[in-house]
Amino acid sequence: MAGLENGERSRHAGTAAAARRAPSSAEEAALEALRVLGDPTVDEVVFLSRPESAGEARRLAHCVVVWQWGLPPWFAENVVLLVSELVGNAVRHTGALTFGLRMHCRRGWTRVELRDPSRGLPCLMPVREMDVSGRGLFLVDTLSDRWGVDLWPLGKTTWFEMRIPER
């Protein structure tokens with residue numbers, strides 16, 4: 001990969017996806033986001049609670065799913081959409097200054113967690129065809145295999161899990 005010197009190896013070089021082809025400029029931007037923002041598979045990545053953070057969280061989630069975990073792009077699209085919905089809910093409804101993102105992959109499952117300091121519970125609303133908002137948790141409920149909320153003394157973690165497709 002460009003920019004590596006003195007025999008350094010990219011930590012993504014060992015993944016099947018990285019071995020197939022070099023990353024595009026969009027994927028390079030995602031990898032840069034991972035380097036700059038942090039790795040949500042290792043530690044919680046904290047974002048400011050503002051609309052622009054949704055794009056950062058989407059890029060980070062895509063990078064993890066495709067480049068670190070080597071999962072199919074269509075699967076990454078679903079994870080990214082659900083991350084975007086959880087971030088949107090956190091930004092719009094919690095009044096928090098920050099929120100944190102964690103991602104896990106183990107034994108055929110992915111789990112994405114969004115932590116915020118609000119104890120207000122998200123509410124799954126009925127959705128009608130012409131609704132232009134309020135679909136976030138409906139999408140999470142529809143596309144994930146499981147989702148839920150864990151309450152903590154100083155906030156909550158909203159999470160979803162998706163079964164990894166057979167290869």
# chains A, B, ... in the order shown; residues from 1 in each chain; ligands from 1
call {"tool": "residues_around", "arguments": {"residues": "A:Glu44", "least_positions_apart": "2", "cutoff": "12 Å", "atoms": "only C-alpha atoms", "output": "mmCIF file with all heavy atoms, in the first residue's frame"}}
result
data_model
loop_
_atom_site.group_PDB
_atom_site.id
_atom_site.type_symbol
_atom_site.label_atom_id
_atom_site.label_comp_id
_atom_site.auth_asym_id
_atom_site.auth_seq_id
_atom_site.Cartn_x
_atom_site.Cartn_y
_atom_site.Cartn_z
ATOM 1 N N LEU A 37 -9.785 8.264 13.789
ATOM 2 C CA LEU A 37 -10.833 8.235 14.809
ATOM 3 C C LEU A 37 -10.619 7.156 15.861
ATOM 4 O O LEU A 37 -11.045 7.304 16.996
ATOM 5 C CB LEU A 37 -12.200 8.032 14.155
ATOM 6 C CG LEU A 37 -12.643 9.134 13.196
ATOM 7 C CD1 LEU A 37 -13.893 8.717 12.443
ATOM 8 C CD2 LEU A 37 -12.868 10.433 13.950
ATOM 9 N N GLY A 38 -10.005 6.062 15.470
ATOM 10 C CA GLY A 38 -9.809 4.950 16.386
ATOM 11 C C GLY A 38 -10.484 3.705 15.857
ATOM 12 O O GLY A 38 -11.223 3.745 14.874
ATOM 13 N N ASP A 39 -10.227 2.603 16.516
ATOM 14 C CA ASP A 39 -10.739 1.311 16.086
ATOM 15 C C ASP A 39 -11.842 0.863 17.043
ATOM 16 O O ASP A 39 -11.570 0.499 18.189
ATOM 17 C CB ASP A 39 -9.594 0.293 16.077
ATOM 18 C CG ASP A 39 -9.990 -1.044 15.513
ATOM 19 O OD1 ASP A 39 -11.210 -1.317 15.411
ATOM 20 O OD2 ASP A 39 -9.086 -1.833 15.179
ATOM 21 N N PRO A 40 -13.117 0.876 16.579
ATOM 22 C CA PRO A 40 -14.218 0.502 17.470
ATOM 23 C C PRO A 40 -14.243 -0.977 17.826
ATOM 24 O O PRO A 40 -15.047 -1.390 18.661
ATOM 25 C CB PRO A 40 -15.458 0.904 16.676
ATOM 26 C CG PRO A 40 -15.028 0.812 15.256
ATOM 27 C CD PRO A 40 -13.574 1.212 15.242
ATOM 28 N N THR A 41 -13.363 -1.783 17.228
ATOM 29 C CA THR A 41 -13.283 -3.193 17.607
ATOM 30 C C THR A 41 -12.351 -3.387 18.796
ATOM 31 O O THR A 41 -12.357 -4.441 19.416
ATOM 32 C CB THR A 41 -12.799 -4.078 16.433
ATOM 33 O OG1 THR A 41 -11.445 -3.763 16.128
ATOM 34 C CG2 THR A 41 -13.682 -3.897 15.213
ATOM 35 N N VAL A 42 -11.572 -2.363 19.093
ATOM 36 C CA VAL A 42 -10.608 -2.425 20.191
ATOM 37 C C VAL A 42 -11.104 -1.644 21.396
ATOM 38 O O VAL A 42 -11.022 -2.100 22.530
ATOM 39 C CB VAL A 42 -9.234 -1.890 19.736
ATOM 40 C CG1 VAL A 42 -8.262 -1.812 20.899
ATOM 41 C CG2 VAL A 42 -8.676 -2.737 18.614
ATOM 42 N N VAL A 46 -15.373 7.674 20.449
ATOM 43 C CA VAL A 46 -16.286 8.722 20.893
ATOM 44 C C VAL A 46 -16.438 9.764 19.792
ATOM 45 O O VAL A 46 -15.454 10.216 19.201
ATOM 46 C CB VAL A 46 -15.783 9.364 22.203
ATOM 47 C CG1 VAL A 46 -16.689 10.506 22.630
ATOM 48 C CG2 VAL A 46 -15.686 8.307 23.301
ATOM 49 N N PHE A 47 -17.685 10.133 19.528
ATOM 50 C CA PHE A 47 -18.024 11.145 18.531
ATOM 51 C C PHE A 47 -18.749 12.294 19.208
ATOM 52 O O PHE A 47 -19.473 12.086 20.191
ATOM 53 C CB PHE A 47 -18.983 10.559 17.483
ATOM 54 C CG PHE A 47 -18.390 9.494 16.626
ATOM 55 C CD1 PHE A 47 -18.467 8.161 17.003
ATOM 56 C CD2 PHE A 47 -17.771 9.807 15.429
ATOM 57 C CE1 PHE A 47 -17.943 7.170 16.209
ATOM 58 C CE2 PHE A 47 -17.236 8.817 14.630
ATOM 59 C CZ PHE A 47 -17.316 7.502 15.013
ATOM 60 N N ALA A 57 -19.152 7.951 11.426
ATOM 61 C CA ALA A 57 -19.476 6.625 11.970
ATOM 62 C C ALA A 57 -19.760 5.628 10.846
ATOM 63 O O ALA A 57 -19.354 4.462 10.929
ATOM 64 C CB ALA A 57 -20.668 6.720 12.922
ATOM 65 N N THR A 98 -21.853 13.809 23.499
ATOM 66 C CA THR A 98 -21.079 12.787 22.787
ATOM 67 C C THR A 98 -21.823 11.455 22.825
ATOM 68 O O THR A 98 -22.751 11.270 23.611
ATOM 69 C CB THR A 98 -19.684 12.579 23.421
ATOM 70 O OG1 THR A 98 -19.854 12.099 24.755
ATOM 71 C CG2 THR A 98 -18.849 13.852 23.404
ATOM 72 N N PHE A 99 -21.373 10.552 21.982
ATOM 73 C CA PHE A 99 -21.835 9.164 22.009
ATOM 74 C C PHE A 99 -20.657 8.300 21.602
ATOM 75 O O PHE A 99 -19.694 8.775 21.010
ATOM 76 C CB PHE A 99 -23.050 8.934 21.098
ATOM 77 C CG PHE A 99 -22.777 9.199 19.648
ATOM 78 C CD1 PHE A 99 -22.289 8.202 18.826
ATOM 79 C CD2 PHE A 99 -23.012 10.454 19.113
ATOM 80 C CE1 PHE A 99 -22.027 8.452 17.491
ATOM 81 C CE2 PHE A 99 -22.749 10.709 17.773
ATOM 82 C CZ PHE A 99 -22.250 9.700 16.964
ATOM 83 N N GLY A 100 -20.718 7.015 21.944
ATOM 84 C CA GLY A 100 -19.606 6.108 21.658
ATOM 85 C C GLY A 100 -20.052 4.915 20.826
ATOM 86 O O GLY A 100 -21.165 4.413 20.980
ATOM 87 N N LEU A 101 -19.172 4.473 19.931
ATOM 88 C CA LEU A 101 -19.430 3.346 19.036
ATOM 89 C C LEU A 101 -18.464 2.214 19.327
ATOM 90 O O LEU A 101 -17.260 2.435 19.452
ATOM 91 C CB LEU A 101 -19.265 3.799 17.578
ATOM 92 C CG LEU A 101 -19.393 2.719 16.496
ATOM 93 C CD1 LEU A 101 -20.843 2.244 16.393
ATOM 94 C CD2 LEU A 101 -18.909 3.265 15.155
ATOM 95 N N ARG A 102 -19.010 0.992 19.450
ATOM 96 C CA ARG A 102 -18.203 -0.233 19.582
ATOM 97 C C ARG A 102 -18.720 -1.245 18.584
ATOM 98 O O ARG A 102 -19.917 -1.304 18.313
ATOM 99 C CB ARG A 102 -18.335 -0.862 20.973
ATOM 100 C CG ARG A 102 -17.770 -0.103 22.132
ATOM 101 C CD ARG A 102 -16.266 -0.147 22.247
ATOM 102 N NE ARG A 102 -15.624 -1.413 22.002
ATOM 103 C CZ ARG A 102 -15.049 -2.178 22.914
ATOM 104 N NH1 ARG A 102 -15.058 -1.856 24.166
ATOM 105 N NH2 ARG A 102 -14.441 -3.297 22.567
ATOM 106 N N MET A 103 -17.817 -2.084 18.069
ATOM 107 C CA MET A 103 -18.204 -3.125 17.116
ATOM 108 C C MET A 103 -17.494 -4.420 17.487
ATOM 109 O O MET A 103 -16.308 -4.412 17.816
ATOM 110 C CB MET A 103 -17.835 -2.705 15.689
ATOM 111 C CG MET A 103 -18.548 -1.444 15.236
ATOM 112 S SD MET A 103 -18.068 -0.888 13.587
ATOM 113 C CE MET A 103 -18.808 -2.182 12.591
ATOM 114 N N HIS A 104 -18.238 -5.531 17.422
ATOM 115 C CA HIS A 104 -17.704 -6.841 17.777
ATOM 116 C C HIS A 104 -18.054 -7.845 16.688
ATOM 117 O O HIS A 104 -19.119 -7.772 16.091
ATOM 118 C CB HIS A 104 -18.299 -7.341 19.098
ATOM 119 C CG HIS A 104 -18.248 -6.352 20.210
ATOM 120 N ND1 HIS A 104 -17.143 -6.182 20.999
ATOM 121 C CD2 HIS A 104 -19.161 -5.455 20.646
ATOM 122 C CE1 HIS A 104 -17.386 -5.233 21.885
ATOM 123 N NE2 HIS A 104 -18.598 -4.779 21.691
ATOM 124 N N VAL A 112 -23.080 -4.374 17.055
ATOM 125 C CA VAL A 112 -22.735 -2.960 17.040
ATOM 126 C C VAL A 112 -23.443 -2.305 18.214
ATOM 127 O O VAL A 112 -24.642 -2.525 18.424
ATOM 128 C CB VAL A 112 -23.145 -2.297 15.707
ATOM 129 C CG1 VAL A 112 -22.863 -0.808 15.736
ATOM 130 C CG2 VAL A 112 -22.425 -2.963 14.538
ATOM 131 N N GLU A 113 -22.688 -1.510 18.975
ATOM 132 C CA GLU A 113 -23.228 -0.851 20.164
ATOM 133 C C GLU A 113 -23.022 0.651 20.066
ATOM 134 O O GLU A 113 -21.944 1.100 19.683
ATOM 135 C CB GLU A 113 -22.515 -1.353 21.416
ATOM 136 C CG GLU A 113 -22.584 -2.842 21.614
ATOM 137 C CD GLU A 113 -21.707 -3.340 22.748
ATOM 138 O OE1 GLU A 113 -20.856 -2.570 23.256
ATOM 139 O OE2 GLU A 113 -21.879 -4.512 23.126
ATOM 140 N N LEU A 114 -24.050 1.403 20.425
ATOM 141 C CA LEU A 114 -23.948 2.857 20.486
ATOM 142 C C LEU A 114 -24.323 3.276 21.903
ATOM 143 O O LEU A 114 -25.450 3.042 22.343
ATOM 144 C CB LEU A 114 -24.885 3.507 19.467
ATOM 145 C CG LEU A 114 -24.521 4.951 19.195
ATOM 146 C CD1 LEU A 114 -23.472 4.991 18.096
ATOM 147 C CD2 LEU A 114 -25.729 5.740 18.807
ATOM 148 N N ARG A 115 -23.357 3.852 22.618
ATOM 149 C CA ARG A 115 -23.573 4.254 24.011
ATOM 150 C C ARG A 115 -23.768 5.764 24.074
ATOM 151 O O ARG A 115 -23.074 6.514 23.405
ATOM 152 C CB ARG A 115 -22.372 3.857 24.868
ATOM 153 C CG ARG A 115 -22.582 4.147 26.355
ATOM 154 C CD ARG A 115 -21.301 4.056 27.130
ATOM 155 N NE ARG A 115 -20.235 4.890 26.587
ATOM 156 C CZ ARG A 115 -20.131 6.203 26.775
ATOM 157 N NH1 ARG A 115 -21.021 6.855 27.487
ATOM 158 N NH2 ARG A 115 -19.127 6.865 26.253
ATOM 159 N N ASP A 116 -24.765 6.188 24.865
ATOM 160 C CA ASP A 116 -24.963 7.615 25.109
ATOM 161 C C ASP A 116 -25.361 7.822 26.561
ATOM 162 O O ASP A 116 -25.781 6.873 27.225
ATOM 163 C CB ASP A 116 -26.002 8.210 24.131
ATOM 164 C CG ASP A 116 -27.392 7.660 24.342
ATOM 165 O OD1 ASP A 116 -28.003 7.957 25.394
ATOM 166 O OD2 ASP A 116 -27.882 6.937 23.462
ATOM 167 N N THR A 157 -26.862 1.718 26.347
ATOM 168 C CA THR A 157 -26.242 1.207 25.134
ATOM 169 C C THR A 157 -27.356 0.616 24.278
ATOM 170 O O THR A 157 -28.059 -0.291 24.720
ATOM 171 C CB THR A 157 -25.195 0.121 25.448
ATOM 172 O OG1 THR A 157 -24.176 0.694 26.275
ATOM 173 C CG2 THR A 157 -24.572 -0.423 24.170
#
call {"tool": "residues_around", "arguments": {"residues": "stretch 71-75 of chain A", "least_positions_apart": "3", "cutoff": "9 Å", "atoms": "only C-alpha atoms", "output": "ChimeraX atom specification"}}
result
/A:17,62,65-68,78-80,164-165
call {"tool": "write_last_selection", "arguments": {"atoms": "all heavy atoms", "output": "PDB file, in the first residue's frame"}}
result
ATOM      1  N   ALA A  17     -10.109  -9.516   1.688  1.00  0.00           N
ATOM      2  CA  ALA A  17     -10.527  -8.404   0.840  1.00  0.00           C
ATOM      3  C   ALA A  17      -9.330  -7.567   0.409  1.00  0.00           C
ATOM      4  O   ALA A  17      -9.239  -7.149  -0.737  1.00  0.00           O
ATOM      5  CB  ALA A  17     -11.549  -7.533   1.577  1.00  0.00           C
ATOM      6  N   HIS A  62     -18.097   0.865   7.834  1.00  0.00           N
ATOM      7  CA  HIS A  62     -17.827   0.221   6.544  1.00  0.00           C
ATOM      8  C   HIS A  62     -16.402  -0.321   6.510  1.00  0.00           C
ATOM      9  O   HIS A  62     -16.166  -1.457   6.081  1.00  0.00           O
ATOM     10  CB  HIS A  62     -18.051   1.202   5.401  1.00  0.00           C
ATOM     11  CG  HIS A  62     -17.846   0.585   4.062  1.00  0.00           C
ATOM     12  ND1 HIS A  62     -16.628   0.586   3.425  1.00  0.00           N
ATOM     13  CD2 HIS A  62     -18.693  -0.085   3.253  1.00  0.00           C
ATOM     14  CE1 HIS A  62     -16.743  -0.051   2.279  1.00  0.00           C
ATOM     15  NE2 HIS A  62     -17.983  -0.465   2.148  1.00  0.00           N
ATOM     16  N   VAL A  65     -16.166  -3.521   8.715  1.00  0.00           N
ATOM     17  CA  VAL A  65     -16.875  -4.686   8.185  1.00  0.00           C
ATOM     18  C   VAL A  65     -16.187  -5.239   6.943  1.00  0.00           C
ATOM     19  O   VAL A  65     -15.999  -6.452   6.811  1.00  0.00           O
ATOM     20  CB  VAL A  65     -18.354  -4.340   7.892  1.00  0.00           C
ATOM     21  CG1 VAL A  65     -19.055  -5.485   7.186  1.00  0.00           C
ATOM     22  CG2 VAL A  65     -19.083  -4.003   9.192  1.00  0.00           C
ATOM     23  N   VAL A  66     -15.775  -4.356   6.033  1.00  0.00           N
ATOM     24  CA  VAL A  66     -15.188  -4.827   4.774  1.00  0.00           C
ATOM     25  C   VAL A  66     -13.699  -5.125   4.901  1.00  0.00           C
ATOM     26  O   VAL A  66     -13.232  -6.189   4.495  1.00  0.00           O
ATOM     27  CB  VAL A  66     -15.445  -3.803   3.644  1.00  0.00           C
ATOM     28  CG1 VAL A  66     -14.673  -4.161   2.379  1.00  0.00           C
ATOM     29  CG2 VAL A  66     -16.934  -3.721   3.348  1.00  0.00           C
ATOM     30  N   TRP A  67     -12.941  -4.202   5.490  1.00  0.00           N
ATOM     31  CA  TRP A  67     -11.480  -4.333   5.474  1.00  0.00           C
ATOM     32  C   TRP A  67     -10.913  -5.121   6.645  1.00  0.00           C
ATOM     33  O   TRP A  67      -9.915  -5.802   6.499  1.00  0.00           O
ATOM     34  CB  TRP A  67     -10.828  -2.966   5.367  1.00  0.00           C
ATOM     35  CG  TRP A  67     -11.067  -2.419   4.000  1.00  0.00           C
ATOM     36  CD1 TRP A  67     -12.051  -1.556   3.613  1.00  0.00           C
ATOM     37  CD2 TRP A  67     -10.369  -2.780   2.814  1.00  0.00           C
ATOM     38  NE1 TRP A  67     -11.987  -1.357   2.264  1.00  0.00           N
ATOM     39  CE2 TRP A  67     -10.962  -2.083   1.746  1.00  0.00           C
ATOM     40  CE3 TRP A  67      -9.294  -3.619   2.556  1.00  0.00           C
ATOM     41  CZ2 TRP A  67     -10.518  -2.203   0.443  1.00  0.00           C
ATOM     42  CZ3 TRP A  67      -8.848  -3.731   1.251  1.00  0.00           C
ATOM     43  CH2 TRP A  67      -9.456  -3.028   0.210  1.00  0.00           C
ATOM     44  N   GLN A  68     -11.519  -5.017   7.816  1.00  0.00           N
ATOM     45  CA  GLN A  68     -10.998  -5.795   8.947  1.00  0.00           C
ATOM     46  C   GLN A  68     -11.632  -7.175   9.008  1.00  0.00           C
ATOM     47  O   GLN A  68     -10.951  -8.159   9.252  1.00  0.00           O
ATOM     48  CB  GLN A  68     -11.240  -5.063  10.269  1.00  0.00           C
ATOM     49  CG  GLN A  68     -10.285  -3.932  10.511  1.00  0.00           C
ATOM     50  CD  GLN A  68     -10.369  -3.436  11.929  1.00  0.00           C
ATOM     51  OE1 GLN A  68     -11.392  -3.559  12.605  1.00  0.00           O
ATOM     52  NE2 GLN A  68      -9.286  -2.849  12.400  1.00  0.00           N
ATOM     53  N   ASN A  78     -25.825  -2.928   4.984  1.00  0.00           N
ATOM     54  CA  ASN A  78     -26.852  -3.053   6.018  1.00  0.00           C
ATOM     55  C   ASN A  78     -26.345  -2.585   7.370  1.00  0.00           C
ATOM     56  O   ASN A  78     -27.044  -1.865   8.090  1.00  0.00           O
ATOM     57  CB  ASN A  78     -27.356  -4.493   6.102  1.00  0.00           C
ATOM     58  CG  ASN A  78     -28.235  -4.865   4.927  1.00  0.00           C
ATOM     59  OD1 ASN A  78     -28.782  -4.011   4.241  1.00  0.00           O
ATOM     60  ND2 ASN A  78     -28.361  -6.153   4.685  1.00  0.00           N
ATOM     61  N   VAL A  79     -25.123  -2.968   7.727  1.00  0.00           N
ATOM     62  CA  VAL A  79     -24.550  -2.522   9.004  1.00  0.00           C
ATOM     63  C   VAL A  79     -24.427  -0.999   9.015  1.00  0.00           C
ATOM     64  O   VAL A  79     -24.806  -0.339   9.986  1.00  0.00           O
ATOM     65  CB  VAL A  79     -23.173  -3.180   9.251  1.00  0.00           C
ATOM     66  CG1 VAL A  79     -22.465  -2.552  10.448  1.00  0.00           C
ATOM     67  CG2 VAL A  79     -23.333  -4.683   9.454  1.00  0.00           C
ATOM     68  N   VAL A  80     -23.928  -0.436   7.921  1.00  0.00           N
ATOM     69  CA  VAL A  80     -23.730   1.015   7.830  1.00  0.00           C
ATOM     70  C   VAL A  80     -25.071   1.752   7.949  1.00  0.00           C
ATOM     71  O   VAL A  80     -25.175   2.767   8.638  1.00  0.00           O
ATOM     72  CB  VAL A  80     -23.001   1.373   6.516  1.00  0.00           C
ATOM     73  CG1 VAL A  80     -23.074   2.856   6.216  1.00  0.00           C
ATOM     74  CG2 VAL A  80     -21.547   0.911   6.586  1.00  0.00           C
ATOM     75  N   ILE A 164     -23.684 -13.415  10.553  1.00  0.00           N
ATOM     76  CA  ILE A 164     -22.778 -13.317   9.411  1.00  0.00           C
ATOM     77  C   ILE A 164     -23.200 -14.353   8.378  1.00  0.00           C
ATOM     78  O   ILE A 164     -23.407 -15.513   8.735  1.00  0.00           O
ATOM     79  CB  ILE A 164     -21.309 -13.529   9.838  1.00  0.00           C
ATOM     80  CG1 ILE A 164     -20.897 -12.388  10.782  1.00  0.00           C
ATOM     81  CG2 ILE A 164     -20.397 -13.600   8.636  1.00  0.00           C
ATOM     82  CD1 ILE A 164     -19.546 -12.564  11.406  1.00  0.00           C
ATOM     83  N   PRO A 165     -23.318 -13.954   7.120  1.00  0.00           N
ATOM     84  CA  PRO A 165     -23.753 -14.921   6.086  1.00  0.00           C
ATOM     85  C   PRO A 165     -22.710 -15.997   5.863  1.00  0.00           C
ATOM     86  O   PRO A 165     -21.507 -15.778   6.014  1.00  0.00           O
ATOM     87  CB  PRO A 165     -23.918 -14.042   4.837  1.00  0.00           C
ATOM     88  CG  PRO A 165     -23.024 -12.867   5.074  1.00  0.00           C
ATOM     89  CD  PRO A 165     -23.021 -12.642   6.571  1.00  0.00           C
TER      90      PRO A 165
END
call {"tool": "select_by_dssp", "arguments": {"residues": "stretch 103-143 of chain A", "states": "alpha helix (DSSP H)", "output": "PyMOL selection string"}}
result
chain A and resi 136-143
call {"tool": "residues_around", "arguments": {"residues": "A:Trp147", "least_positions_apart": "5", "cutoff": "7 Å", "atoms": "only C-alpha atoms", "output": "list in words"}}
result
Asp141, Trp159, Phe160 and Glu161 of chain A
call {"tool": "residues_around", "arguments": {"residues": "A:Arg163", "least_positions_apart": "5", "cutoff": "8 Å", "atoms": "only C-alpha atoms", "output": "PyMOL selection string"}}
result
chain A and resi 108-110+145
call {"tool": "write_last_selection", "arguments": {"atoms": "N, CA, C and O atoms", "output": "mmCIF file, in the first residue's frame"}}
result
data_model
loop_
_atom_site.group_PDB
_atom_site.id
_atom_site.type_symbol
_atom_site.label_atom_id
_atom_site.label_comp_id
_atom_site.auth_asym_id
_atom_site.auth_seq_id
_atom_site.Cartn_x
_atom_site.Cartn_y
_atom_site.Cartn_z
ATOM 1 N N GLY A 108 -19.776 -16.162 14.077
ATOM 2 C CA GLY A 108 -20.904 -16.045 13.168
ATOM 3 C C GLY A 108 -21.836 -14.864 13.396
ATOM 4 O O GLY A 108 -22.878 -14.771 12.770
ATOM 5 N N TRP A 109 -21.464 -13.933 14.294
ATOM 6 C CA TRP A 109 -22.308 -12.785 14.599
ATOM 7 C C TRP A 109 -21.510 -11.497 14.598
ATOM 8 O O TRP A 109 -20.331 -11.492 14.953
ATOM 9 N N THR A 110 -22.163 -10.410 14.235
ATOM 10 C CA THR A 110 -21.613 -9.074 14.460
ATOM 11 C C THR A 110 -22.520 -8.382 15.464
ATOM 12 O O THR A 110 -23.729 -8.636 15.508
ATOM 13 N N ASP A 145 -30.909 -9.155 13.246
ATOM 14 C CA ASP A 145 -31.475 -10.376 13.794
ATOM 15 C C ASP A 145 -31.994 -10.166 15.212
ATOM 16 O O ASP A 145 -32.961 -10.795 15.628
#
call {"tool": "select_by_dssp", "arguments": {"residues": "stretch 31-78 of chain A", "states": "strand (DSSP E or B)", "output": "PyMOL selection string"}}
result
chain A and resi 45-48
call {"tool": "write_last_selection", "arguments": {"atoms": "all heavy atoms", "output": "short mmCIF file (atom, residue, chain, number, x, y, z; two decimals), in the first residue's frame"}}
result
data_model
loop_
_atom_site.label_atom_id
_atom_site.label_comp_id
_atom_site.auth_asym_id
_atom_site.auth_seq_id
_atom_site.Cartn_x
_atom_site.Cartn_y
_atom_site.Cartn_z
N VAL A 45 -15.11 4.27 20.31
CA VAL A 45 -14.74 5.50 19.59
C VAL A 45 -15.81 6.53 19.92
O VAL A 45 -17.00 6.30 19.72
CB VAL A 45 -14.67 5.25 18.07
CG1 VAL A 45 -14.41 6.56 17.33
CG2 VAL A 45 -13.58 4.24 17.75
N VAL A 46 -15.37 7.67 20.45
CA VAL A 46 -16.29 8.72 20.89
C VAL A 46 -16.44 9.76 19.79
O VAL A 46 -15.45 10.22 19.20
CB VAL A 46 -15.78 9.36 22.20
CG1 VAL A 46 -16.69 10.51 22.63
CG2 VAL A 46 -15.69 8.31 23.30
N PHE A 47 -17.69 10.13 19.53
CA PHE A 47 -18.02 11.14 18.53
C PHE A 47 -18.75 12.29 19.21
O PHE A 47 -19.47 12.09 20.19
CB PHE A 47 -18.98 10.56 17.48
CG PHE A 47 -18.39 9.49 16.63
CD1 PHE A 47 -18.47 8.16 17.00
CD2 PHE A 47 -17.77 9.81 15.43
CE1 PHE A 47 -17.94 7.17 16.21
CE2 PHE A 47 -17.24 8.82 14.63
CZ PHE A 47 -17.32 7.50 15.01
N LEU A 48 -18.60 13.49 18.65
CA LEU A 48 -19.41 14.61 19.08
C LEU A 48 -20.83 14.39 18.57
O LEU A 48 -21.02 13.88 17.47
CB LEU A 48 -18.86 15.93 18.53
CG LEU A 48 -17.49 16.35 19.06
CD1 LEU A 48 -17.03 17.62 18.35
CD2 LEU A 48 -17.55 16.57 20.56
#
call {"tool": "atom_distance", "arguments": {"atom1": "atom CA of A:Arg106", "atom2": "atom CA of A:Arg35"}}
result
22.5 Å
call {"tool": "atom_distance", "arguments": {"atom1": "atom CA of A:Cys63", "atom2": "atom CA of A:Gly155"}}
result
27.3 Å
call {"tool": "closest_residue", "arguments": {"among": "A:Ser49, A:Thr158, A:Asn89, A:Thr94", "to": "A:Gly136", "atoms": "only C-alpha atoms"}}
result
A:Asn89
call {"tool": "atom_distance", "arguments": {"atom1": "atom CA of A:Val91", "atom2": "atom CA of A:Ser25"}}
result
28.2 Å
call {"tool": "closest_residue", "arguments": {"among": "A:Cys105, A:Ala29, A:Val36, A:Phe138", "to": "A:Trp69", "atoms": "only C-alpha atoms"}}
result
A:Cys105
